[in-house]
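Down below is the structure, laid out as structure tokens.
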Amino acid sequence: MRISVSSENVKVNEKTHEHIQRCIYFAMGRFGTAIERVEVRVADINGPRGGIDKRCQIIVKLFSQGSNPIVVSATEDSLSAAIVYASDRAGRTVSRAIERRRQKRKKNYPILQPE
């Protein structure tokens, strides 16, 4: 699982970068073999005006052929809260997508019972 971080109107220092990686691994580490890459985009929407304007967008690309990327976004008053909330939602969404894929595979390959 490759993680890339990009930012817009906000500085991502080493501490924030480590926080992002820790949250991503905590939320999606168990699915590491199914995830090709994770892109994290953080932004300060209003700039210096303040308010609830820190956004974290997470894009997860799975290894499965033909699957659309999973996109989750969260907007909070602090960047740390937006990262935690978005990574938690992304982990749950990836879990559902992988479970749907497993159920589809089971449906396509029924188990034959001996006669």
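Following the order of the structure tokens, chains are lettered A, B, ..., residues in each are numbered from 1, and ligands are numbered from 1.
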
Report as a list in words all protein, DNA and RNA residues lying within 8 Å of A:Met28, evaluated on only C-alpha atoms, omitting residues in the same chain fewer than 5 positions from it. Ala90, Gly91 and Val94 of chain A

Residues at most 9 Å from A:Arg2, counting only C-alpha atoms, excluding those fewer than 5 positions away in the same chain, as a VMD selection string? chain A and resid 35 to 39

So which residues of chain A fall under strand (DSSP E) by DSSP, listed as a PyMOL selection string? chain A and resi 2-8+35-44+54-62+70-76

Write out as a list in words each polymer residue whose atoms come within 9 Å of stretch 69-85 of chain A, counting only C-alpha atoms; drop sequence neighbours fewer than 4 positions from it.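 With the cut-off at 9 Å, the set is Thr16, His19, Ile20, Cys23, Ile24, Val40, Val42, Ala43, Asp44, Gly50, Gly51, Ile52, Asp53, Lys54, Arg55, Cys56, Gln57, Ile58, Ile59, Val60, Lys61, Leu62, Arg89, Ala90, Thr93, Val94 and Ala97 of chain A.
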
From a backbone DSSP assignment, name each residue in chain A labelled helix (DSSP H, G or I), as JSON, numbers by chain. {"A": [14, 15, 16, 17, 18, 19, 20, 21, 22, 23, 24, 25, 26, 27, 28, 29, 30, 31, 47, 48, 49, 79, 80, 81, 82, 83, 84, 85, 86, 87, 88, 89, 90, 91, 92, 93, 94, 95, 96, 97, 98, 99, 100, 101, 102, 103, 104, 105, 106, 107, 108]}

Work out how far atom CA of A:Arg41 is from atom CA of A:Arg102, in Å to one decimal.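 It comes out at 29.2 Å.
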
Among the residues A:Ala34, A:Ala86, A:Ala27, A:Ile45, the one that comes closest to A:Ile98 [using only C-alpha atoms]: A:Ala34

Which one of A:Ser64, A:Gln21, A:Ser87, A:Thr33 sits closest to A:Arg101 if you count only C-alpha atoms?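 Distance minimum relative to A:Arg101 lands on A:Ser64.
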
Atom CA of A:Lys11 to atom CA of A:Arg92, straight-line distance in Å: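 Interatomic distance, atom CA of A:Arg92 to atom CA of A:Lys11: 27.8 Å.
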
May I ask for the distance between atom CA of A:Val12 and atom CA of A:Asn68, given in Å to one decimal place?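 Result for atom CA of A:Val12 versus atom CA of A:Asn68: 27.8 Å, one decimal.
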
Choose the residue, out of A:Asp88, A:Ser6, A:Lys104, A:Glu99, that has the smallest atom-to-atom separation from A:Tyr25; count only C-alpha atoms.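 Closest residue, counting only C-alpha atoms: A:Asp88.
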